[in-house]
Amino acid sequence: MIKSQDIKKGTCIRMDGKLYFCIDFLHVKPGKGNTIMRTTLKDVVSGRVLEKRFNIGEALEDVRVERRPYQFLYMEGTDYIFMNNETFDQIPIAKELITGVDFMKEGDTVEVVSDASTETILYAEMPVKTQLKIVYTEPGLKGDTATNTLKPAKLETGVEVRVPLFINEGEIIEVDTRDGSYVNRVKA
């Protein structure tokens with residue numbers, strides 16, 4: 001059990017039979033009455049975000065989570081097969097549990113978060129930025145950097161992103177895996 005005032009960002013709690021991660025919190029001391037803890041919680045399964053208030057001292061059921069690096073090996077049907085970098089055990093993880101899955105290529109390392117008591121995998125997370133090669137895009141124009149115009153480009157993972165006009169086929173770019181936006185060009 002954990003007291004409500006001990007909740008911090010990243011704390012996982014079980015409430016109403018569901019698991020929630022705290023993504024934001026605030027201690028509130030109103031002029032009258034007791035101090036409360038205002039939290040923003042994210043449902044691990046559905047990704048739904050809700051705001052919840054707790055009285056200070058309220059007991060909550062905390063969940064111990066483990067974060068481990070796993071390496072993506074290959075796809076088998078609809079599952080993605082990962083290998084634990086420490087024990088070399090291989091596990092399948094469903095596509096819907098992986099954030100940034102469209103930007104993942106063989107050999108990439110992801111952080112797998114699991115419930116320590118039941119060994120249930122809660123989700124897997126790609127790094128925020130990843131480097132990918134452009135396999136197809138229309139030819140760029142030299143010196144066309146003044147405008148903020150974007151063109152489509154197909155990456156080595158098969159996903160299409162929008163890149164500036166001066167980016168050419170065969171170049172390596174950095175992509176934000178949360179929203180698929182272009183970050184910058186990687187110098188070779």
# chains A, B, ... in the order shown; residues from 1 in each chain; ligands from 1
>>> residues_around(residues="Asn184 in chain A", least_positions_apart="5", cutoff="8 Å", atoms="only C-alpha atoms", output="NGL selection string")
:A and (173-175)
>>> residues_around(residues="Phe88 in chain A", least_positions_apart="2", cutoff="12 Å", atoms="only C-alpha atoms", output="ChimeraX atom specification")
/A:69-73,81-86,90-91
>>> residues_around(residues="Glu58 in chain A", least_positions_apart="6", cutoff="10 Å", atoms="only C-alpha atoms", output="list in words")
Met1, Ile2, Lys3, Ser4, Gln5, Ile36 and Met37 of chain A
>>> select_by_dssp(residues="chain A", states="strand (DSSP E or B)", output="JSON, numbers by chain")
{"A": [2, 3, 12, 13, 14, 15, 18, 19, 20, 21, 22, 23, 24, 25, 26, 27, 28, 36, 37, 38, 39, 40, 41, 42, 43, 49, 50, 51, 52, 53, 54, 55, 59, 60, 61, 62, 65, 66, 67, 68, 69, 70, 71, 72, 73, 74, 75, 76, 79, 80, 81, 82, 83, 84, 90, 91, 92, 93, 94, 98, 99, 109, 110, 111, 112, 113, 114, 115, 121, 122, 123, 124, 125, 129, 130, 131, 132, 133, 134, 135, 136, 137, 150, 151, 152, 153, 154, 155, 160, 161, 162, 163, 164, 172, 173, 174, 175, 176, 181, 182, 183, 184, 185]}
>>> write_last_selection(atoms="C-alpha atoms", output="compact mmCIF listing (two decimals), in the first residue's frame")
# COMPACT_ATOMS: atom_id res chain seq x y z
CA ILE A 2 1.06 3.56 -0.69
CA LYS A 3 -0.21 6.81 0.78
CA CYS A 12 1.73 2.82 -10.91
CA ILE A 13 -1.42 2.18 -8.84
CA ARG A 14 -4.31 -0.29 -9.05
CA MET A 15 -7.73 1.34 -8.80
CA LYS A 18 -7.34 -1.30 -13.53
CA LEU A 19 -3.72 -0.18 -13.60
CA TYR A 20 -2.89 3.52 -13.88
CA PHE A 21 0.38 5.43 -14.25
CA CYS A 22 0.65 8.90 -12.72
CA ILE A 23 1.65 11.37 -15.42
CA ASP A 24 1.20 14.52 -13.31
CA PHE A 25 0.44 15.43 -9.69
CA LEU A 26 -0.11 18.50 -7.54
CA HIS A 27 -0.47 19.03 -3.78
CA VAL A 28 -3.35 21.47 -3.19
CA ILE A 36 -5.68 17.13 -1.30
CA MET A 37 -3.58 15.47 -3.98
CA ARG A 38 -4.71 16.23 -7.54
CA THR A 39 -3.40 13.64 -10.02
CA THR A 40 -3.57 12.96 -13.73
CA LEU A 41 -3.63 9.21 -14.32
CA LYS A 42 -3.23 7.23 -17.55
CA ASP A 43 -4.92 3.84 -17.96
CA VAL A 49 -6.34 9.86 -19.22
CA LEU A 50 -8.36 10.91 -16.18
CA GLU A 51 -8.01 13.38 -13.36
CA LYS A 52 -8.50 12.08 -9.81
CA ARG A 53 -8.35 13.75 -6.41
CA PHE A 54 -7.21 11.96 -3.27
CA ASN A 55 -7.29 13.12 0.33
CA ALA A 59 -4.24 4.42 1.21
CA LEU A 60 -3.85 3.23 -2.39
CA GLU A 61 -2.73 -0.09 -3.83
CA ASP A 62 0.59 0.42 -5.56
CA VAL A 65 6.71 -2.32 -12.12
CA GLU A 66 9.94 -3.39 -13.74
CA ARG A 67 11.51 -1.68 -16.75
CA ARG A 68 13.88 -3.76 -18.83
CA PRO A 69 15.52 -3.32 -22.22
CA TYR A 70 14.41 -5.81 -24.87
CA GLN A 71 15.68 -6.15 -28.42
CA PHE A 72 13.25 -6.57 -31.33
CA LEU A 73 14.09 -9.72 -33.30
CA TYR A 74 11.30 -10.45 -35.80
CA MET A 75 7.55 -10.65 -36.42
CA GLU A 76 5.60 -13.88 -36.05
CA ASP A 79 3.07 -10.67 -32.53
CA TYR A 80 6.47 -9.03 -32.29
CA ILE A 81 9.19 -11.24 -30.82
CA PHE A 82 11.60 -9.57 -28.38
CA MET A 83 14.67 -10.84 -26.55
CA ASN A 84 15.57 -9.87 -22.99
CA GLN A 90 12.35 -14.49 -26.05
CA ILE A 91 8.80 -13.18 -25.55
CA PRO A 92 5.96 -12.21 -27.91
CA ILE A 93 4.33 -8.79 -27.47
CA ALA A 94 1.13 -7.75 -29.24
CA ILE A 98 4.01 -1.18 -28.37
CA THR A 99 4.22 2.60 -28.70
CA THR A 109 15.97 -1.80 -28.33
CA VAL A 110 12.72 -0.93 -26.56
CA GLU A 111 11.88 -0.51 -22.88
CA VAL A 112 9.38 -3.15 -21.72
CA VAL A 113 7.36 -2.31 -18.61
CA SER A 114 5.87 -5.26 -16.73
CA ASP A 115 3.97 -5.88 -13.49
CA ILE A 121 3.67 -7.07 -19.79
CA LEU A 122 1.94 -3.70 -19.52
CA TYR A 123 3.49 -2.00 -22.55
CA ALA A 124 6.66 -1.59 -24.60
CA GLU A 125 8.03 1.80 -25.53
CA LYS A 129 13.87 9.57 -31.31
CA THR A 130 15.08 7.01 -33.82
CA GLN A 131 17.20 7.20 -36.97
CA LEU A 132 15.77 5.74 -40.18
CA LYS A 133 16.83 5.70 -43.83
CA ILE A 134 14.63 7.19 -46.55
CA VAL A 135 13.95 4.59 -49.26
CA TYR A 136 11.82 6.79 -51.52
CA THR A 137 11.03 10.48 -51.91
CA LEU A 150 7.06 19.41 -46.52
CA LYS A 151 6.90 16.45 -48.90
CA PRO A 152 6.13 12.75 -48.28
CA ALA A 153 9.00 10.30 -47.79
CA LYS A 154 8.85 6.52 -47.31
CA LEU A 155 11.16 5.13 -44.61
CA GLU A 160 5.50 7.49 -44.65
CA VAL A 161 6.48 10.76 -42.96
CA ARG A 162 6.62 14.40 -44.06
CA VAL A 163 10.11 15.86 -44.56
CA PRO A 164 11.50 19.21 -45.83
CA ILE A 172 19.19 9.12 -42.80
CA ILE A 173 16.81 11.26 -40.75
CA GLU A 174 15.83 11.41 -37.10
CA VAL A 175 12.11 10.86 -36.41
CA ASP A 176 10.03 11.47 -33.26
CA SER A 181 7.38 14.07 -37.10
CA TYR A 182 10.70 14.86 -38.78
CA VAL A 183 13.35 16.09 -36.28
CA ASN A 184 16.51 16.57 -38.35
CA ARG A 185 18.89 15.12 -40.92
>>> select_by_dssp(residues="chain A", states="helix (DSSP H, G or I)", output="number ranges by chain")
A: 4-6, 95-97, 101-103
>>> write_last_selection(atoms="N, CA and C atoms", output="PDB file, in the first residue's frame")
ATOM      1  N   SER A   4      -1.454   8.466  -0.494  1.00  0.00           N
ATOM      2  CA  SER A   4      -1.704   9.351  -1.637  1.00  0.00           C
ATOM      3  C   SER A   4      -0.640  10.443  -1.776  1.00  0.00           C
ATOM      4  N   GLN A   5      -0.086  10.926  -0.672  1.00  0.00           N
ATOM      5  CA  GLN A   5       0.925  11.992  -0.767  1.00  0.00           C
ATOM      6  C   GLN A   5       2.258  11.490  -1.314  1.00  0.00           C
ATOM      7  N   ASP A   6       2.435  10.164  -1.418  1.00  0.00           N
ATOM      8  CA  ASP A   6       3.677   9.594  -1.943  1.00  0.00           C
ATOM      9  C   ASP A   6       3.645   9.368  -3.452  1.00  0.00           C
ATOM     10  N   LYS A  95       1.050  -6.079 -30.986  1.00  0.00           N
ATOM     11  CA  LYS A  95       1.301  -4.788 -31.622  1.00  0.00           C
ATOM     12  C   LYS A  95       0.682  -3.631 -30.849  1.00  0.00           C
ATOM     13  N   GLU A  96      -0.532  -3.806 -30.322  1.00  0.00           N
ATOM     14  CA  GLU A  96      -1.219  -2.700 -29.640  1.00  0.00           C
ATOM     15  C   GLU A  96      -0.572  -2.306 -28.318  1.00  0.00           C
ATOM     16  N   LEU A  97       0.358  -3.118 -27.786  1.00  0.00           N
ATOM     17  CA  LEU A  97       1.051  -2.783 -26.545  1.00  0.00           C
ATOM     18  C   LEU A  97       2.360  -2.027 -26.777  1.00  0.00           C
ATOM     19  N   VAL A 101       5.456   1.596 -32.762  1.00  0.00           N
ATOM     20  CA  VAL A 101       5.731   0.339 -33.457  1.00  0.00           C
ATOM     21  C   VAL A 101       5.999   0.537 -34.947  1.00  0.00           C
ATOM     22  N   ASP A 102       5.416   1.558 -35.570  1.00  0.00           N
ATOM     23  CA  ASP A 102       5.603   1.794 -37.005  1.00  0.00           C
ATOM     24  C   ASP A 102       7.035   2.190 -37.354  1.00  0.00           C
ATOM     25  N   PHE A 103       7.790   2.649 -36.375  1.00  0.00           N
ATOM     26  CA  PHE A 103       9.163   3.113 -36.618  1.00  0.00           C
ATOM     27  C   PHE A 103      10.204   2.105 -36.136  1.00  0.00           C
TER      28      PHE A 103
END
